[in-house]
Structures are given as C-alpha cells and as structure tokens.
Amino acid sequence: MSGLRRGGLGKASLCIGFLALAFFVVTGLASADDDATYKEAAKKWVEQEFTPSTLSKDEQLKELDWFIQAGKPFRGMEIKVVSETITTHEYEAKTMAKAFYEITGIKVTHDLIQEGDVIEKIQTQMQSGQNIYDGWINDSDLIGTHFRYGHVVPLTDFMAGEGKAVTLPTLDLPDFIGTSFTTGPDGKLYQLPDQQFANLYWFRYDWFQRPELKAKFKEIYGYELGVPVNWSAYEDIADFFTNKVKELDGKRVYGHMDYGKKSPDLGWRFTDAWLSMAGTGDKGLPNGKPVDEWGIRVEGCRPVASSVSRGGATNGPAAVYAMEKYMDWLKKYAPAEALGMTFYESGPVPAQGHIAQQIFWYTAFTADMIKPGLDVVNADGSPKWRMAPSPHGAYWEEGMKLGYQDCGSWTFLKSTPVDRMKAAWLYAQFCVAKTTSLKKTIVGLTPIRNSDVTSEYMAKIAPKLGGLVEFYKSPARVAWTPTGTNVPDYPKMAQLWWQNIGETLSGEVTPQKAMDNLAEAQDKVLARLERANVQGECAPKLNPEKGADYWFAQPGAPKPKLANEKPKGETVDYDQLIKAWREGRVK
C-alpha cells in the first residue's frame with residue numbers, strides 16, 4: 001500500500017507539474033501577446049502623432065518600449081492628474097493621456113481647471129493629507145512653499161530611491177531649460193518642468209515699419225519708433241497711437257492693452273514680476289537677492305521683511321511707481337472696457353487688430369495669435385506682430401531679472417500612495433520625454449527642452465512664430481524667471497495682492513496706501529509662519545523695524561525715490577535685436 005501510495009502521489013505531482021507548466025506557457029504567451037499589442041500601439045503613435053521628434057524613429061520606439069516594460073506592474077490602474085487650462089495641457093489631456101493608455105495600459109484622467117483652483121486644491125491635499133490627485137502640474141512659483149513645508153516629494157531623492165525603477169533612463173535633466181526654477185536652496189529638484197512661457201513685449205511690427213508713422217513719431221518725440229527699451233518709450237508709444245494716430249485702416253486703435261477687474265488673476269498681473277520690471281528688487285538671477293520681485297528680503301534662506309521699515313521693498317518708491325504706471329496706462333491708453341476685464345477676457349483682444357503694443361503679454365497666447373484669418377496674420381500665414389524683450393522701469397539696473405516666466409511643473413505630494421505616484425510619474429515623464437516633447441512644443445508653443453528649441457524643425461517654423469524661437473535660443477531668456485524661493489507660502493500670500501491692488505483701482509485708496517497695506521499684510525503672514533514654526537530652518541524670522549531712512553541708506557533695495565522717474569525714451573530696431581539674438585548676444 002505504501003508503494004501504491006507513493007506511486008499515486010508521484011502521478012498527482014506529475015499532473016500538477018504539467019498543469020503548472022501549461023499555465024506558465026499560456027500566461028507567458030499572453031504576456032508576449034500583450035507586449036506585442038502595446039508595441040504595435042507605440043509604433044502607431046510614433047508614425048501618426050509623435051512626429052517630428054529630435055529622436056530617430058528607432059530611438060522613439062526604444063524609449064516607448066521602456067514605458068511598456070516599466071508600466072507592467074501598473075497595467076489596469078486608473079490615476080488622476082490635474083493642470084491649469086492652456087493649449088499645451090489640453091493636448092496632454094485629450095491626446096497624450098490616450099496614447100499613454102494604449103502604450104502602457106495605465107488609464108489617466110487628466111483634469112483641466114483654472115490655475116487658482118489648482119493652487120486651492122493642492123493646498124487642500126497638503127493640509128488634509130487626503131489624496132485628491134496622484135500628480136499635479138503646478139507652477140514653480142510655489143517652489144518656496146514646497147521645499148519649506150515638506151509635503152512635496154523631492155524628485156532628486158525619489159529618482160534615486162523608490163522611483164528609480166520607474167525613472168526614464170533617457171530623461172536627460174540637463175536638457176530641460178527650467179530646472180533652476182524648480183530647485184530648492186538645498187540643491188534638490190522638487191518639480192519637473194512640463195511647459196514654459198514667458199511674459200514679453202508684444203507689438204504690431206507692420207505698423208512700426210510704416211514710414212509715415214515713423215516720421216511722425218520722431219517729429220513729436222525726438223527719437224525713432226521701435227521696440228521700447230524703457231518704460232518712458234513705452235509710454236510715449238502708447239500716447240502716440242492712442243492720442244496722435246487714433247485711427248488706422250478705418251479702425252480706432254490704442255497704444256496699450258491690459259486688464260483691471262478685481263479678481264484673483266489681477267494678482268498675477270503684479271506677482272508675475274511687474275515690480276521687478278520696474279526695478280523694485282535687487283540684482284541676481286533667477287531672482288533678486290536679498291530682495292526679490294515681491295519686495296521680500298531674505299537672510300540666508302529665511303524671509304525677514306516685506307515692508308520698507310524692516311528692509312523689504314513691497315511698499316518702496318519703485319513698487320509705488322510700478323503701481324502708478326500700471327493705473328495711468330490702463331486708464332489713459334487702453335480701450336475703456338479693459339478696466340473691467342479679467343486676464344482671460346483680455347488675452348484675445350490684441351488678435352482683434354486694434355492694439356499697437358502690450359507690455360505684459362504671455363507667449364502662451366502665441367498659438368492663438370497665429371491662426372489663419374485673424375486681423376493680425378498675413379495672407380501667407382506670417383504674423384503682422386512680433387514679440388520682444390520687456391522694457392524696464394526707471395529703477396531697473398543691469399543684472400536684475402527683466403520679466404516673468406511661467407514654468408508649470410510636475411509635482412508629487414507625500415500623501416499620495418506610492419504605487420499611484422509611480423504610475424503618475426510615468427505619465428509625467430511620458431509628457432516630457434524626447435519622443436513626445438517636440439510635437440507637444442509645436443502644438444502648445446511652451447518649450448521645455450533645449451534640444452527642441454534648437455531643432456531643425458523649430459528653426460524652420462520660426463518665421464511664423466513672431467520671435468518666440470529666437471527668444472528661447474537667445475542668452476537673453478535667463479532674465480525671465482518665475483517667482484523664486486523667497487516666498488514662503490505662495491497660496492496664502494498671492495491672494496493678498498489682488499485684494500489690495502483692487503482697492504486702488506476702485507479709488508478706495510492711493511497707490512502708496514495700497515502697497516503699504518500689502519506690505520503689512522505680507523509681514524503679518526511672515527510673523528504667523530515664524531510663530532507656527534512649521535517650516536524648519538528656512539522659516540521666516542521677521543526683522544525689527546528700523547525705519548525707511550535706515551534702509552534707503554543701505555546698498556541695493558529698497559531704493560529711495562528717484563528725482564526723475566521718466567528719463568528720455570529709448571528704443572531699439574527690432575531687426576537689429578533679432579540679429580543680436582541669433583549671434584548669441586543679449587543686445
């Protein structure tokens with residue numbers, strides 16, 4: 001019986017062994033079939049959508065095969081990510097999320113909401129610990145918030161540790177043009193750039209070339225009509241078109257466009273480096289040190305003041321000058337309806353063909369400004385307009401930042417479960433990989449990679465983009481940067497701006513009083529953060545009040561009031577400027 005028992009057990013084991021072998025063979029074939037399906041999808045997307053690319057077709061397929069393999073543990077998973085609503089992110093949500101699903105089997109819901117809502121929701125997840133989204137395309141303006149609070153995953157650590165197996169070998173971080181904006185004072189990368197656009201000067205190149213207008217301008221103002229180098233020239237040009245020219249080609253024209261409705265986006269009009277353009281802060285790139293473009297002073301990495309009496313510059317003469325010029329130009333030289341417009345409502349206005357120039361224009365509007373049939377586009381598809389460097393105010397000095405650059409960047413919170421974070425990190429890298437990035441750049445015109453900017457294809461389409469490619473290839477671009485690390489709590493502090501500035505526009509307070517109130521409000525936030533002691537060694541530590549005269553006597557910002565805030569206007573020929581950029585010179 002023992003022999004039969006042994007024999008029976010042997011047969012049973014043999015049967016089980018055969019069944020197991022059959023199972024592994026079948027599942028192995030299924031896995032191979034699955035891979036074949038995903039590889040076929042990758043081939044389809046490379047051939048039909050992700051072209052052109054700086055990679056060869058074989059290199060693209062090799063990169064996508066890495067995504068296929070790295071995505072295997074997450075097949076069937078559904079993740080949620082969010083971004084603000086711009087053309088680039090619409091392309092990601094509608095096209096790239098679908099491609100990623102077909103290539104990896106990971107389903108992505110990519111929500112599109114307004115920027116203010118993104119900030120509100122990420123703040124909610126930070127405070128509650130509840131996982132609202134698995135990944136965020138969040139402005140690098142929050143870098144000062146992210147590295148201080150400790151809620152955000154430092155990508156430098158993640159890529160070397162838990163996320164190493166899901167980090168793209170060909171990610172090539174040095175190729176990104178915005179990583180200096182997303183790196184904390186500790187040297188760690190906290191966010192990965194997904195899209196970038198600058199705040200530049202926009203003008204009607206065709207009008208500026210008209211001999212009769214050039215002659216008339218020189219006769220009145222004593223210098224050439226051209227790209228304004230300083231605010232004095234911008235003001236003269238605004239006055240010229242609004243009050244001297246008045247009408248062109250049967251249409252009432254204006255020398256300036258802006259927006260002034262009291263709403264959250266009014267704050268961006270100022271926090272997006274308007275005070276820096278005026279000359280409020282100190283020299284230094286990417287942001288002024290020790291005083292930045294918000295007028296916030298730091299000592300080491302600790303914010304210590306916003307008010308002039310404590311060493312800040314938010315309510316200093318340069319900041320008040322910035323406010324006064326904004327208000328004067330809006331009321332004197334822009335269409336009357338601009339005062340009641342939001343950022344979103346004002347954006348399409350220059351494309352209607354009656355605006356001569358705009359000092360505060362985002363290159364994110366480029367894609368919508370080159371559509372066939374617009375009043376600002378020639379019959380051959382070339383633009384009648386151009387973009388150029390922003391003019392600077394009377395307090396500005398060489399070596400200061402000259403304007404703002406938005407850098408929407410992938411951000412991951414520690415409250416997100418690790419497996420979901422890894423899957424979202426794969427999608428984030430897919431959106432910025434060299435396989436896909438050039439096509440995304442062409443669609444949204446918000447470049448993030450140097451290899452894309454310098455590609456043959458971008459050089460070929462540059463004449464249709466009004467100076468965008470030349471700007472991003474030029475050494476001048478380093479003077480356009482996002483909000484920096486001096487701002488310790490962007491969500492709390494950004495909302496103070498539109499509320500105080502709105503009171504000035506409505507006539508409730510003077511520009512000086514508005515900036516005084518803003519500076520005081522920012523100091524109160526710094527004081528609260530200091531008391532809360534939740535931001536570690538880089539937490540605010542408010543300076544004692546020493547008075548404005550003491551600080552005006554110190555080098556740099558805050559700066560005392562100039563005797564003459566309107567020096568002679570200065571302009572430069574646009575074609576000479578572009579020539580300098582192409583030759584690798586700033587000007």
# chains A, B, ... in the order shown; residues from 1 in each chain; ligands from 1

$ residues_around --residues "Tyr395 of chain A" --least-positions-apart "2" --cutoff "9 Å" --atoms "only C-alpha atoms" --output "JSON, numbers by chain"
{"A": [277, 278, 279, 280, 318, 392, 393, 397, 559, 561, 562, 565]}

$ select_by_dssp --residues "segment 41-252 of chain A" --states "strand (DSSP E or B)" --output "VMD selection string"
chain A and resid 78 to 84 107 to 113 135 to 139 152 176 183 189 192 to 203 227 to 228 230 247 to 248 251 to 252

$ closest_residue --among "A:Thr483, A:Lys384, A:Pro228, A:Gly340" --to "Lys568 of chain A" --atoms "only C-alpha atoms"
A:Pro228

$ closest_residue --among "A:Pro391, A:Pro290, A:Pro350, A:Gly267" --to "Asn199 of chain A" --atoms "only C-alpha atoms"
A:Pro391

$ residues_around --residues "Ser306 of chain A" --least-positions-apart "6" --cutoff "8 Å" --atoms "only C-alpha atoms" --output "list in words"
Trp294, Gly295, Ile296, Arg297, Gly312, Ala313, Thr314, Asn315, Ala519, Glu520, Gln522 and Asp523 of chain A

$ residues_around --residues "Asp292 of chain A" --least-positions-apart "2" --cutoff "12 Å" --atoms "only C-alpha atoms" --output "MDAnalysis selection string"
chainID A and resid 271:277 279:290 294:299 303:306 311:314 319 400:402 481:487 556:558

$ residues_around --residues "Pro372 of chain A" --least-positions-apart "3" --cutoff "12 Å" --atoms "only C-alpha atoms" --output "PyMOL selection string"
chain A and resi 351+367-369+375-384+464

$ select_by_dssp --residues "segment 324-554 of chain A" --states "alpha helix (DSSP H)" --output "VMD selection string"
chain A and resid 324 to 333 343 to 346 366 to 369 418 to 432 434 to 444 450 to 453 456 to 461 468 to 473 490 to 505 511 to 532 548 to 552

$ closest_residue --among "A:Tyr404, A:Trp410, A:Tyr333, A:Tyr326" --to "Trp361 of chain A" --atoms "only C-alpha atoms"
A:Tyr404

$ residues_around --residues "Phe270 of chain A" --least-positions-apart "5" --cutoff "9 Å" --atoms "only C-alpha atoms" --output "list of chain:residue names"
A:Leu275, A:Trp294, A:Ala322, A:Met323, A:Trp497, A:Trp498, A:Ile501

$ write_last_selection --atoms "N, CA and C atoms" --output "PDB file, in the first residue's frame"
ATOM      1  N   LEU A 275       6.820  94.243 -10.523  1.00  0.00           N
ATOM      2  CA  LEU A 275       7.658  95.092  -9.673  1.00  0.00           C
ATOM      3  C   LEU A 275       9.128  94.965 -10.051  1.00  0.00           C
ATOM      4  N   TRP A 294       8.946  90.378  -5.287  1.00  0.00           N
ATOM      5  CA  TRP A 294       7.770  90.615  -4.447  1.00  0.00           C
ATOM      6  C   TRP A 294       8.098  91.652  -3.377  1.00  0.00           C
ATOM      7  N   ALA A 322       5.605 101.448  -9.922  1.00  0.00           N
ATOM      8  CA  ALA A 322       5.071 100.368 -10.761  1.00  0.00           C
ATOM      9  C   ALA A 322       3.549 100.379 -10.752  1.00  0.00           C
ATOM     10  N   MET A 323       2.980 100.578  -9.578  1.00  0.00           N
ATOM     11  CA  MET A 323       1.526 100.629  -9.449  1.00  0.00           C
ATOM     12  C   MET A 323       0.948 101.839 -10.194  1.00  0.00           C
ATOM     13  N   TRP A 497      -2.388  90.124  -2.917  1.00  0.00           N
ATOM     14  CA  TRP A 497      -2.074  91.112  -3.947  1.00  0.00           C
ATOM     15  C   TRP A 497      -3.329  91.642  -4.631  1.00  0.00           C
ATOM     16  N   TRP A 498      -4.168  90.751  -5.135  1.00  0.00           N
ATOM     17  CA  TRP A 498      -5.326  91.234  -5.901  1.00  0.00           C
ATOM     18  C   TRP A 498      -6.306  91.979  -5.004  1.00  0.00           C
ATOM     19  N   ILE A 501      -4.596  95.528  -4.428  1.00  0.00           N
ATOM     20  CA  ILE A 501      -4.476  96.284  -5.680  1.00  0.00           C
ATOM     21  C   ILE A 501      -5.858  96.683  -6.189  1.00  0.00           C
TER      22      ILE A 501
END

$ closest_residue --among "A:Gly135, A:Gly129, A:Pro567, A:Pro73" --to "Thr109 of chain A" --atoms "only C-alpha atoms"
A:Gly135

$ closest_residue --among "A:Pro317, A:Gly150, A:Gly353, A:Gly144" --to "Glu247 of chain A" --atoms "only C-alpha atoms"
A:Gly353

$ closest_residue --among "A:Ile79, A:Leu577, A:Ala521, A:Ile359" --to "Trp231 of chain A" --atoms "only C-alpha atoms"
A:Ile359

$ atom_distance --atom1 "atom CA of Leu426 of chain A" --atom2 "atom CA of Ala70 of chain A"
8.1 Å

$ residues_around --residues "segment 33-40 of chain A" --least-positions-apart "6" --cutoff "9 Å" --atoms "only C-alpha atoms" --output "list in words"
Leu61, Leu64, Asp65, Ile68, Gln69, Glu102, Ile103, Thr104 and Gly105 of chain A

$ atom_distance --atom1 "atom CA of Leu413 of chain A" --atom2 "atom CA of Ser180 of chain A"
20.2 Å
